[in-house]
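> Contents of final09.pdb (PDB, C-alpha atoms):
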ATOM      1  CA  ASP A   1       0.278  29.242 -16.918
ATOM      2  CA  THR A   2      -1.563  27.788 -19.882
ATOM      3  CA  SER A   3      -4.725  25.740 -19.437
ATOM      4  CA  ILE A   4      -7.884  24.321 -20.889
ATOM      5  CA  VAL A   5     -10.905  24.751 -18.594
ATOM      6  CA  PHE A   6     -13.920  22.481 -18.762
ATOM      7  CA  ASP A   7     -16.902  24.445 -17.496
ATOM      8  CA  GLY A   8     -19.208  22.048 -15.654
ATOM      9  CA  ASN A   9     -22.635  22.654 -14.158
ATOM     10  CA  ALA A  10     -21.518  22.223 -10.546
ATOM     11  CA  GLN A  11     -17.737  21.831 -10.881
ATOM     12  CA  ASP A  12     -15.097  23.108 -13.301
ATOM     13  CA  PHE A  13     -12.008  21.072 -14.208
ATOM     14  CA  TYR A  14      -8.770  22.135 -15.871
ATOM     15  CA  ILE A  15      -5.780  20.645 -17.639
ATOM     16  CA  GLY A  16      -2.896  23.031 -17.480
ATOM     17  CA  LEU A  17       0.812  23.743 -17.397
ATOM     18  CA  ASP A  18       2.064  25.236 -14.128
ATOM     19  CA  ASP A  19       4.903  27.440 -15.410
ATOM     20  CA  SER A  20       6.491  27.931 -11.979
ATOM     21  CA  ALA A  21       7.114  24.189 -11.551
ATOM     22  CA  ASP A  22       6.882  23.028 -15.189
ATOM     23  CA  ASP A  23       4.261  20.471 -14.165
ATOM     24  CA  LEU A  24       1.293  19.292 -16.203
ATOM     25  CA  ILE A  25      -1.685  19.361 -13.844
ATOM     26  CA  ILE A  26      -5.264  18.101 -13.957
ATOM     27  CA  GLY A  27      -7.372  19.658 -11.224
ATOM     28  CA  LEU A  28     -10.632  21.050  -9.890
ATOM     29  CA  GLY A  29     -11.565  24.669 -10.525
ATOM     30  CA  SER A  30     -10.691  27.082 -13.305
ATOM     31  CA  THR A  31      -7.228  28.240 -12.181
ATOM     32  CA  VAL A  32      -4.094  26.113 -12.609
ATOM     33  CA  GLY A  33      -2.750  25.088  -9.201
ATOM     34  CA  THR A  34      -6.046  25.198  -7.325
ATOM     35  CA  THR A  35      -7.006  21.749  -6.042
ATOM     36  CA  PRO A  36      -4.663  19.599  -8.160
ATOM     37  CA  ILE A  37      -5.790  16.010  -8.730
ATOM     38  CA  ILE A  38      -2.912  14.641 -10.828
ATOM     39  CA  SER A  39       0.410  16.231 -11.706
ATOM     40  CA  VAL A  40       3.215  15.092 -14.004
ATOM     41  CA  ASP A  41       6.670  16.662 -13.704
ATOM     42  CA  GLU A  42       9.579  16.958 -16.149
ATOM     43  CA  ASN A  43      10.984  13.626 -14.875
ATOM     44  CA  LYS A  44       7.712  11.884 -15.809
ATOM     45  CA  ASP A  45       6.933  11.370 -12.108
ATOM     46  CA  VAL A  46       3.183  11.278 -11.466
ATOM     47  CA  ALA A  47       1.690  12.545  -8.200
ATOM     48  CA  ILE A  48      -1.839  12.227  -6.854
ATOM     49  CA  PRO A  49      -1.903  14.666  -3.924
ATOM     50  CA  ASP A  50      -4.428  13.932  -1.164
ATOM     51  CA  GLY A  51      -6.201  11.272  -3.178
ATOM     52  CA  SER A  52      -6.189   7.617  -4.068
ATOM     53  CA  LEU A  53      -5.997   5.576  -7.230
ATOM     54  CA  THR A  54      -8.430   2.816  -8.094
ATOM     55  CA  ILE A  55      -7.679   0.514 -11.019
ATOM     56  CA  THR A  56     -10.678  -1.542 -12.115
ATOM     57  CA  THR A  57     -10.799  -4.297 -14.721
ATOM     58  CA  ASN A  58     -13.441  -6.841 -15.642
ATOM     59  CA  ASP A  59     -11.074  -9.767 -16.198
ATOM     60  CA  ASN A  60      -8.339 -11.693 -14.356
ATOM     61  CA  ASN A  61      -5.371  -9.862 -15.833
ATOM     62  CA  ALA A  62      -2.937  -8.077 -13.535
ATOM     63  CA  GLN A  63      -4.128  -4.566 -12.665
ATOM     64  CA  LEU A  64      -0.670  -3.297 -11.729
ATOM     65  CA  ILE A  65       2.582  -4.437 -13.288
ATOM     66  CA  LEU A  66       5.934  -3.028 -12.205
ATOM     67  CA  VAL A  67       8.631  -3.570 -14.843
ATOM     68  CA  SER A  68      12.359  -2.943 -14.514
ATOM     69  CA  THR A  69      14.414  -3.136 -17.695
ATOM     70  CA  ASP A  70      17.683  -2.682 -15.807
ATOM     71  CA  ALA A  71      20.168  -5.435 -16.705
ATOM     72  CA  ASP A  72      22.391  -5.360 -13.607
ATOM     73  CA  ALA A  73      22.288  -7.628 -10.551
ATOM     74  CA  SER A  74      20.648  -5.018  -8.304
ATOM     75  CA  THR A  75      17.080  -5.219  -7.033
ATOM     76  CA  GLY A  76      14.332  -4.390  -9.460
ATOM     77  CA  PRO A  77      11.490  -3.750  -9.741
ATOM     78  CA  GLN A  78      10.902  -2.360  -6.278
ATOM     79  CA  LEU A  79       7.746  -1.307  -4.454
ATOM     80  CA  ASP A  80       8.152   1.123  -1.553
ATOM     81  CA  LEU A  81       5.449   1.743   1.029
ATOM     82  CA  THR A  82       6.660   4.943   2.702
ATOM     83  CA  ARG A  83       5.327   6.512   5.868
ATOM     84  CA  ASN A  84       6.859   9.981   5.918
ATOM     85  CA  SER A  85       6.176  11.029   9.520
ATOM     86  CA  ALA A  86       7.859  14.019  11.144
ATOM     87  CA  SER A  87       7.643  12.223  14.499
ATOM     88  CA  PRO A  88       8.105   8.458  14.047
ATOM     89  CA  ALA A  89       7.196   6.461  17.136
ATOM     90  CA  ALA A  90       7.156   2.873  18.321
ATOM     91  CA  SER A  91       4.037   0.990  17.139
ATOM     92  CA  ASP A  92       3.515   3.296  14.118
ATOM     93  CA  THR A  93       2.091   1.242  11.260
ATOM     94  CA  LEU A  94       4.412   1.584   8.257
ATOM     95  CA  GLY A  95       2.165  -0.142   5.762
ATOM     96  CA  ARG A  96      -0.365  -2.886   5.216
ATOM     97  CA  ILE A  97      -1.258  -5.088   2.292
ATOM     98  CA  ARG A  98      -4.810  -6.397   2.633
ATOM     99  CA  PHE A  99      -6.487  -9.219   0.747
ATOM    100  CA  VAL A 100     -10.120  -8.116   0.500
ATOM    101  CA  GLY A 101     -13.152 -10.073  -0.691
ATOM    102  CA  LYS A 102     -16.845 -10.445   0.022
ATOM    103  CA  ASP A 103     -18.517 -12.988   2.248
ATOM    104  CA  SER A 104     -21.685 -14.882   1.293
ATOM    105  CA  GLY A 105     -23.790 -12.014   2.703
ATOM    106  CA  GLY A 106     -22.113  -9.480   0.409
ATOM    107  CA  ALA A 107     -20.051  -7.774   3.140
ATOM    108  CA  GLU A 108     -16.562  -6.681   2.074
ATOM    109  CA  LEU A 109     -13.797  -7.725   4.471
ATOM    110  CA  SER A 110     -10.109  -8.519   4.730
ATOM    111  CA  TYR A 111      -9.429 -12.257   4.602
ATOM    112  CA  GLY A 112      -5.839 -11.624   5.560
ATOM    113  CA  HIS A 113      -3.208  -8.937   5.660
ATOM    114  CA  MET A 114       0.477  -8.287   6.133
ATOM    115  CA  THR A 115       1.470  -5.327   8.288
ATOM    116  CA  TYR A 116       4.798  -3.745   9.158
ATOM    117  CA  PHE A 117       5.266  -1.634  12.308
ATOM    118  CA  ILE A 118       8.052   0.412  13.858
ATOM    119  CA  GLU A 119       9.276  -1.349  16.985
ATOM    120  CA  ASP A 120      12.035   1.161  17.805
ATOM    121  CA  PRO A 121      12.660   4.337  15.759
ATOM    122  CA  THR A 122      15.844   5.287  17.646
ATOM    123  CA  ASP A 123      18.564   6.357  15.197
ATOM    124  CA  GLY A 124      21.161   3.581  14.997
ATOM    125  CA  ALA A 125      18.997   1.083  16.893
ATOM    126  CA  GLU A 126      15.970   0.855  14.562
ATOM    127  CA  ASP A 127      13.817  -2.279  14.864
ATOM    128  CA  GLY A 128      10.736  -3.414  12.961
ATOM    129  CA  ILE A 129       7.835  -5.823  13.415
ATOM    130  CA  PHE A 130       6.287  -7.814  10.557
ATOM    131  CA  GLU A 131       2.973  -9.588  11.122
ATOM    132  CA  ILE A 132       0.828 -11.837   8.936
ATOM    133  CA  ASP A 133      -2.836 -12.166   9.912
ATOM    134  CA  VAL A 134      -5.330 -14.661   8.450
ATOM    135  CA  ARG A 135      -9.101 -14.651   9.028
ATOM    136  CA  SER A 136     -10.236 -17.595  11.134
ATOM    137  CA  ALA A 137     -13.840 -18.045  12.332
ATOM    138  CA  GLY A 138     -14.721 -14.484  11.325
ATOM    139  CA  THR A 139     -11.751 -12.697  12.949
ATOM    140  CA  ASN A 140      -8.305 -11.789  11.639
ATOM    141  CA  ARG A 141      -5.752 -13.608  13.792
ATOM    142  CA  SER A 142      -1.978 -13.282  13.987
ATOM    143  CA  ARG A 143      -0.397 -16.356  12.383
ATOM    144  CA  VAL A 144       3.223 -15.151  12.144
ATOM    145  CA  LYS A 145       4.823 -12.261  13.998
ATOM    146  CA  MET A 146       8.490 -11.347  13.622
ATOM    147  CA  ASP A 147      10.160  -8.676  15.721
ATOM    148  CA  SER A 148      13.725  -7.853  16.772
ATOM    149  CA  SER A 149      13.955 -10.644  19.344
ATOM    150  CA  GLU A 150      11.698 -13.501  18.182
ATOM    151  CA  THR A 151       9.509 -15.098  15.548
ATOM    152  CA  VAL A 152       6.170 -16.325  16.878
ATOM    153  CA  PHE A 153       3.781 -18.683  15.107
ATOM    154  CA  ASN A 154       0.142 -18.670  16.281
ATOM    155  CA  ASN A 155       0.653 -15.776  18.709
ATOM    156  CA  GLU A 156      -3.069 -15.718  19.543
ATOM    157  CA  GLN A 157      -3.058 -19.426  20.476
ATOM    158  CA  ILE A 158      -5.965 -20.402  18.223
ATOM    159  CA  ASP A 159      -6.732 -24.085  17.691
ATOM    160  CA  LEU A 160      -4.861 -25.001  14.517
ATOM    161  CA  GLU A 161      -2.329 -27.506  13.258
ATOM    162  CA  PHE A 162       1.337 -26.635  12.710
ATOM    163  CA  ARG A 163       3.172 -28.792  10.184
ATOM    164  CA  VAL A 164       6.610 -28.822   8.674
ATOM    165  CA  GLU A 165       6.859 -31.146   5.685
ATOM    166  CA  SER A 166       9.787 -32.460   3.687
ATOM    167  CA  ASP A 167       9.986 -34.406   0.448
ATOM    168  CA  GLY A 168       9.922 -37.692   2.383
ATOM    169  CA  ASN A 169       7.931 -36.951   5.533
ATOM    170  CA  ALA A 170       4.421 -35.556   5.714
TER
END
What is this file in structure tokens?


Amino acid sequence: DTSIVFDGNAQDFYIGLDDSADDLIIGLGSTVGTTPIISVDENKDVAIPDGSLTITTNDNNAQLILVSTDADASTGPQLDLTRNSASPAASDTLGRIRFVGKDSGGAELSYGHMTYFIEDPTDGAEDGIFEIDVRSAGTNRSRVKMDSSETVFNNEQIDLEFRVESDGNA
């Protein structure tokens, strides 16, 4: 292993090459492989083990752009939210996209979110549930819920209008 160690007052950091895996690693400590933060492998795949990534900008440009330069008719770009459980079970949450903002009192909250669940993980009979919640009167409420047998609008029976419009009829 080859590395550069940055000797800090309370915490050391390193940038190094892990020879056993041929990975470039940035981590905590003074020995390559101890507490990795970011690793890059020979395929240019980047991993952040046991951490998260925050992208902050001070303008309205996109913070994350996925680009596919593939010229065929297949899907691309693609975003996968993967729950890699050794024991998948009904009602497991597979992923959630939240739309977070602050209220007038400065509290951060989700104004809406989309969530996907496992309905049935049985091999050959897999079913999923997709739900869209929107905040109404201070509480996130289910507006659309789709499962293997039905699609429900306003599942929580809140007082709201339901409209279907066309180009000639409001």

> If the PyMOL selection byres ((chain A and resi 121-126) around 9) is run on the structure shown, which residues does it catch, given as a ChimeraX atom specification?

/A:88-90,118-120,127-128

> For A:Thr31, please output as JSON, numbers by chain all residues within 12 Å (counting all atoms listed in the file; exclusion window: fewer than 6 positions along the same chain).

{"A": [1, 2, 3, 4, 5, 6, 7, 12, 13, 14, 15, 16, 17, 18, 25]}

> Name the residues, using the chain letters and numbers of the file, that sit within 7 Å of (0.8, -14.8, 15.5) when counting only C-alpha atoms, and give them as a PyMOL selection string.

chain A and resi 141-145+152-156

> Please evaluate the PyMOL selection byres ((chain A and resi 48) around 7) against the structure above and give the resulting residues as a PDB file with C-alpha atoms, in the coordinates of the input.


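Just written: result-v5.pdb:
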ATOM      1  CA  ILE A  37      -5.790  16.010  -8.730  1.00  0.00           C
ATOM      2  CA  ILE A  38      -2.912  14.641 -10.828  1.00  0.00           C
ATOM      3  CA  SER A  39       0.410  16.231 -11.706  1.00  0.00           C
ATOM      4  CA  VAL A  46       3.183  11.278 -11.466  1.00  0.00           C
ATOM      5  CA  ALA A  47       1.690  12.545  -8.200  1.00  0.00           C
ATOM      6  CA  PRO A  49      -1.903  14.666  -3.924  1.00  0.00           C
ATOM      7  CA  ASP A  50      -4.428  13.932  -1.164  1.00  0.00           C
ATOM      8  CA  GLY A  51      -6.201  11.272  -3.178  1.00  0.00           C
ATOM      9  CA  SER A  52      -6.189   7.617  -4.068  1.00  0.00           C
TER      10      SER A  52
END

> Exactly which residues make up the result of the PyMOL selection byres ((chain A and resi 56-66) around 10) on this file, given as a PyMOL selection string?

chain A and resi 53-55+67-68+76-79

> Around (-2.4, -10.0, 4.4) in the file's frame, which residues reach within 8 Å when counting all atoms listed in the file? Return as a PyMOL selection string?

chain A and resi 96-99+110-115+132-134

> Stretch 17-34 of chain A, all listed atoms, 8 Å padding on each side: what axis-aligned box centre and edge lengths in Å to one decimal come out, as JSON?


{"center_x": -2.2, "center_y": 23.2, "center_z": -12.4, "size_x": 34.7, "size_y": 26.1, "size_z": 26.1}

> Which is closer to A:Phe130 than all the others in A:Ala170, A:Val40, A:Ile26, A:Met146, using only C-alpha atoms?

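Closest candidate: A:Met146.
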
> Please, what distance in Å, to one decimal, runs between atom CA of A:Ser85 and atom CA of A:Asp45?

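Calculated distance between atom CA of A:Ser85 and atom CA of A:Asp45 is 21.6 Å.
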
> Which residue out of A:Ser74, A:Thr35, A:Leu24, A:Glu108 has the minimum interatomic distance to A:Gln11 when all atoms listed in the file are used?

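Of A:Ser74, A:Thr35, A:Leu24, A:Glu108, the one nearest A:Gln11, counting all atoms listed in the file, is A:Thr35.
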
> Report, in Å to a single decimal, how far apart atom CA of A:Tyr116 and atom CA of A:Thr82 are.

11.0 Å

> Rounded to one decimal in Å, what is the spacing between atom CA of A:Leu81 and atom CA of A:Asn140?

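Interatomic distance here is 22.0 Å.
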
> Rank nothing, just name the residue among A:Ser136, A:Gly95, A:Asp70, A:Asp19 nearest to A:Ile158, using all atoms listed in the file.

A:Ser136
